[in-house]
Amino acid sequence: DAKTTQPNSMESNEEEPVHLPCNHSTISGTDYIHWYRQLPSQGPEYVIHGLTSNVNNRMASLAIAEDRKSSTLILHRATLRDAAVYYCILRDAYSGAGSYQLTFGKGTKLSVIP
Amino acid sequence: GAGVSQTPSNKVTEKGKYVELRCDPISGHTALYWYRQSLGQGPEFLIYFQGTGAADDSGLPNDRFFAVRPEGSVSTLKIQRTERGDSAVYLCASSLIVTKGDEQFFGPGTRLTVL
């Protein structure tokens, strides 16, 4: 599976936008970009995913670079409840068995300052 | 509706003992996954089930680990002769069907401590 690189940690002020970067320079044409987050003492939860076009949902936006070698998760207005570890994960839509699981890295720990 | 539940939430055991960890997936979800998370790390894949069968168990670290899902719903992760290195949070996830794009829903995990 292609590898992702994320900063270890980031800080944001409450009610300000947050841009969480992810580099994936070896991404293949069939890799979807998924984001999950893990709040303290909880299991991970799905945030958003995309292939080529930018995506929006109620939680966040996903901006994908034109060459797809990087992407950015955007939280439009950070709240204290957004403090979590954010994981950027690539999932190949067409590879064979053994790729159904999520392959997590260490993610980015986001701290939100009141 | 009810999410993925895991029991117990915490388990403390002694080295060499046998433990069972239970996962109740979301009703109707055919795919079930087990992951293990050590402190400061992201979750690591252990095994996944499609229905009753283990479709991929390549993440199980050794033959002390075994998992079952006899009726295609509840799953049990079994660890024999526990070692201190088995201490971790064990996470279960389920998804409606097994696809590469499916959203996985995670339970809160079972924290296993081996003394």
# chains A, B, ... in the order shown; residues from 1 in each chain; ligands from 1
$ interface_residues --of "chain A" --to "chain B" --cutoff "9 Å" --atoms "only C-alpha atoms" --output "PyMOL selection string"
chain A and resi 32+34+41-46+49+87+91-95+97-107
$ write_last_selection --atoms "N, CA and C atoms" --output "short mmCIF file (atom, residue, chain, number, x, y, z; two decimals), in the first residue's frame"
data_model
loop_
_atom_site.label_atom_id
_atom_site.label_comp_id
_atom_site.auth_asym_id
_atom_site.auth_seq_id
_atom_site.Cartn_x
_atom_site.Cartn_y
_atom_site.Cartn_z
N TYR A 32 -8.16 5.57 -3.18
CA TYR A 32 -9.00 6.58 -2.57
C TYR A 32 -8.28 7.13 -1.34
N HIS A 34 -8.81 8.45 2.32
CA HIS A 34 -9.77 8.42 3.41
C HIS A 34 -9.20 9.16 4.60
N SER A 41 -9.89 8.24 24.06
CA SER A 41 -10.57 7.08 24.67
C SER A 41 -11.74 6.55 23.83
N GLN A 42 -11.72 6.79 22.54
CA GLN A 42 -12.76 6.27 21.66
C GLN A 42 -12.12 5.55 20.47
N GLY A 43 -12.92 4.76 19.76
CA GLY A 43 -12.46 4.17 18.52
C GLY A 43 -12.45 5.20 17.42
N PRO A 44 -11.72 4.95 16.33
CA PRO A 44 -11.71 5.89 15.21
C PRO A 44 -13.10 6.05 14.61
N GLU A 45 -13.31 7.21 13.98
CA GLU A 45 -14.56 7.43 13.27
C GLU A 45 -14.25 8.01 11.91
N TYR A 46 -15.07 7.61 10.94
CA TYR A 46 -14.91 8.09 9.57
C TYR A 46 -15.18 9.58 9.49
N HIS A 49 -13.95 10.90 2.50
CA HIS A 49 -13.02 10.30 1.56
C HIS A 49 -13.28 10.85 0.16
N TYR A 87 -6.22 10.69 11.00
CA TYR A 87 -5.47 9.74 10.18
C TYR A 87 -5.84 9.89 8.71
N ARG A 91 -6.68 3.82 0.30
CA ARG A 91 -7.31 2.52 0.09
C ARG A 91 -7.45 2.28 -1.41
N ASP A 92 -6.81 1.22 -1.87
CA ASP A 92 -6.85 0.88 -3.28
C ASP A 92 -8.17 0.20 -3.59
N ALA A 93 -8.93 0.77 -4.48
CA ALA A 93 -10.26 0.24 -4.77
C ALA A 93 -10.22 -1.04 -5.56
N TYR A 94 -9.08 -1.37 -6.16
CA TYR A 94 -9.09 -2.50 -7.08
C TYR A 94 -8.04 -3.56 -6.79
N SER A 95 -7.34 -3.45 -5.67
CA SER A 95 -6.33 -4.47 -5.39
C SER A 95 -7.01 -5.72 -4.87
N ALA A 97 -7.29 -9.41 -2.49
CA ALA A 97 -7.62 -9.69 -1.10
C ALA A 97 -6.50 -9.23 -0.19
N GLY A 98 -6.85 -8.83 1.00
CA GLY A 98 -5.86 -8.38 1.97
C GLY A 98 -5.81 -6.88 2.08
N SER A 99 -6.57 -6.17 1.28
CA SER A 99 -6.52 -4.72 1.34
C SER A 99 -7.80 -4.12 1.86
N TYR A 100 -8.69 -4.92 2.41
CA TYR A 100 -9.94 -4.40 2.92
C TYR A 100 -9.75 -3.65 4.23
N GLN A 101 -8.70 -4.01 4.96
CA GLN A 101 -8.50 -3.35 6.24
C GLN A 101 -7.96 -1.95 6.03
N LEU A 102 -8.10 -1.14 7.06
CA LEU A 102 -7.51 0.20 7.08
C LEU A 102 -6.08 0.10 7.59
N THR A 103 -5.16 0.78 6.93
CA THR A 103 -3.77 0.81 7.37
C THR A 103 -3.50 2.20 7.94
N PHE A 104 -3.43 2.25 9.26
CA PHE A 104 -3.24 3.51 9.96
C PHE A 104 -1.76 3.82 10.14
N GLY A 105 -1.39 5.09 10.01
CA GLY A 105 -0.08 5.56 10.45
C GLY A 105 -0.23 6.10 11.86
N LYS A 106 0.62 7.06 12.22
CA LYS A 106 0.53 7.65 13.55
C LYS A 106 -0.43 8.85 13.57
N GLY A 107 -0.75 9.39 12.42
CA GLY A 107 -1.71 10.48 12.36
C GLY A 107 -1.17 11.79 12.88
#
$ residues_around --residues "segment 6-12 of chain B" --least-positions-apart "5" --cutoff "6 Å" --atoms "only C-alpha atoms" --output "list in words"
Arg22, Cys23, Thr110, Arg111, Leu112, Thr113 and Val114 of chain B
$ write_last_selection --atoms "N, CA, C and O atoms" --output "compact mmCIF listing (two decimals), in the first residue's frame"
# COMPACT_ATOMS: atom_id res chain seq x y z
N ARG B 22 -15.10 -9.70 23.35
CA ARG B 22 -16.32 -9.84 22.55
C ARG B 22 -16.63 -8.57 21.77
O ARG B 22 -16.42 -7.47 22.27
N CYS B 23 -17.15 -8.75 20.57
CA CYS B 23 -17.57 -7.63 19.74
C CYS B 23 -18.97 -7.87 19.20
O CYS B 23 -19.25 -8.92 18.61
N THR B 110 -11.56 -2.59 23.84
CA THR B 110 -11.31 -3.25 25.12
C THR B 110 -9.86 -3.02 25.47
O THR B 110 -8.97 -3.36 24.68
N ARG B 111 -9.63 -2.43 26.63
CA ARG B 111 -8.25 -2.21 27.09
C ARG B 111 -7.81 -3.46 27.83
O ARG B 111 -8.34 -3.78 28.89
N LEU B 112 -6.83 -4.16 27.28
CA LEU B 112 -6.29 -5.38 27.90
C LEU B 112 -4.96 -5.05 28.56
O LEU B 112 -4.07 -4.50 27.92
N THR B 113 -4.86 -5.40 29.82
CA THR B 113 -3.62 -5.23 30.56
C THR B 113 -3.17 -6.60 31.07
O THR B 113 -3.93 -7.28 31.76
N VAL B 114 -1.98 -6.99 30.68
CA VAL B 114 -1.41 -8.27 31.11
C VAL B 114 -0.31 -7.98 32.12
O VAL B 114 0.68 -7.33 31.80
$ closest_residue --among "A:Ile113, A:Ala65, A:Ile48, A:Ala60" --to "Leu80 of chain A" --atoms "only C-alpha atoms"
A:Ile113
$ residues_around --residues "Gly16 of chain B" --least-positions-apart "4" --cutoff "8 Å" --atoms "only C-alpha atoms" --output "ChimeraX atom specification"
/B:80-83
$ closest_residue --among "B:Gly51, B:Arg84, B:Ser5, B:His29" --to "Arg69 of chain B" --atoms "only C-alpha atoms"
B:Gly51
$ residues_around --residues "Pro7 of chain A" --least-positions-apart "2" --cutoff "8 Å" --atoms "only C-alpha atoms" --output "mmCIF file with all heavy atoms, in the first residue's frame"
data_model
loop_
_atom_site.group_PDB
_atom_site.id
_atom_site.type_symbol
_atom_site.label_atom_id
_atom_site.label_comp_id
_atom_site.auth_asym_id
_atom_site.auth_seq_id
_atom_site.Cartn_x
_atom_site.Cartn_y
_atom_site.Cartn_z
ATOM 1 N N THR A 5 2.247 10.618 4.717
ATOM 2 C CA THR A 5 3.065 11.354 5.689
ATOM 3 C C THR A 5 2.255 12.511 6.226
ATOM 4 O O THR A 5 1.712 13.307 5.446
ATOM 5 C CB THR A 5 4.349 11.885 5.036
ATOM 6 O OG1 THR A 5 5.060 10.798 4.445
ATOM 7 C CG2 THR A 5 5.246 12.534 6.088
ATOM 8 N N SER A 9 1.850 16.688 15.047
ATOM 9 C CA SER A 9 0.892 17.453 15.840
ATOM 10 C C SER A 9 0.642 18.811 15.215
ATOM 11 O O SER A 9 1.470 19.328 14.457
ATOM 12 C CB SER A 9 1.402 17.618 17.273
ATOM 13 O OG SER A 9 2.607 18.343 17.289
ATOM 14 N N MET A 10 -0.516 19.367 15.534
ATOM 15 C CA MET A 10 -0.888 20.715 15.121
ATOM 16 C C MET A 10 -1.752 21.331 16.209
ATOM 17 O O MET A 10 -2.388 20.612 16.997
ATOM 18 C CB MET A 10 -1.664 20.697 13.800
ATOM 19 C CG MET A 10 -0.839 20.318 12.587
ATOM 20 S SD MET A 10 -1.768 20.421 11.050
ATOM 21 C CE MET A 10 -2.111 22.160 10.946
ATOM 22 N N PRO A 21 -2.618 18.690 6.691
ATOM 23 C CA PRO A 21 -2.044 18.203 5.436
ATOM 24 C C PRO A 21 -1.698 16.711 5.476
ATOM 25 O O PRO A 21 -1.464 16.143 6.535
ATOM 26 C CB PRO A 21 -0.762 19.024 5.321
ATOM 27 C CG PRO A 21 -0.348 19.233 6.751
ATOM 28 C CD PRO A 21 -1.619 19.335 7.555
ATOM 29 N N CYS A 22 -1.655 16.127 4.286
ATOM 30 C CA CYS A 22 -1.231 14.738 4.132
ATOM 31 C C CYS A 22 -0.501 14.610 2.798
ATOM 32 O O CYS A 22 -1.007 15.027 1.768
ATOM 33 C CB CYS A 22 -2.442 13.806 4.174
ATOM 34 S SG CYS A 22 -2.032 12.052 4.008
ATOM 35 N N GLY A 107 -0.749 9.391 12.422
ATOM 36 C CA GLY A 107 -1.709 10.484 12.355
ATOM 37 C C GLY A 107 -1.171 11.793 12.883
ATOM 38 O O GLY A 107 -0.007 11.925 13.293
ATOM 39 N N THR A 108 -2.047 12.801 12.869
ATOM 40 C CA THR A 108 -1.740 14.132 13.393
ATOM 41 C C THR A 108 -2.604 14.380 14.611
ATOM 42 O O THR A 108 -3.835 14.304 14.523
ATOM 43 C CB THR A 108 -2.039 15.224 12.354
ATOM 44 O OG1 THR A 108 -1.209 15.060 11.221
ATOM 45 C CG2 THR A 108 -1.826 16.619 12.955
#
$ atom_distance --atom1 "atom CA of Thr52 of chain B" --atom2 "atom CA of Ser75 of chain B"
9.1 Å
$ closest_residue --among "A:Thr79, A:Ser70, A:Thr52, A:Ser28" --to "Glu11 of chain A" --atoms "only C-alpha atoms"
A:Thr79
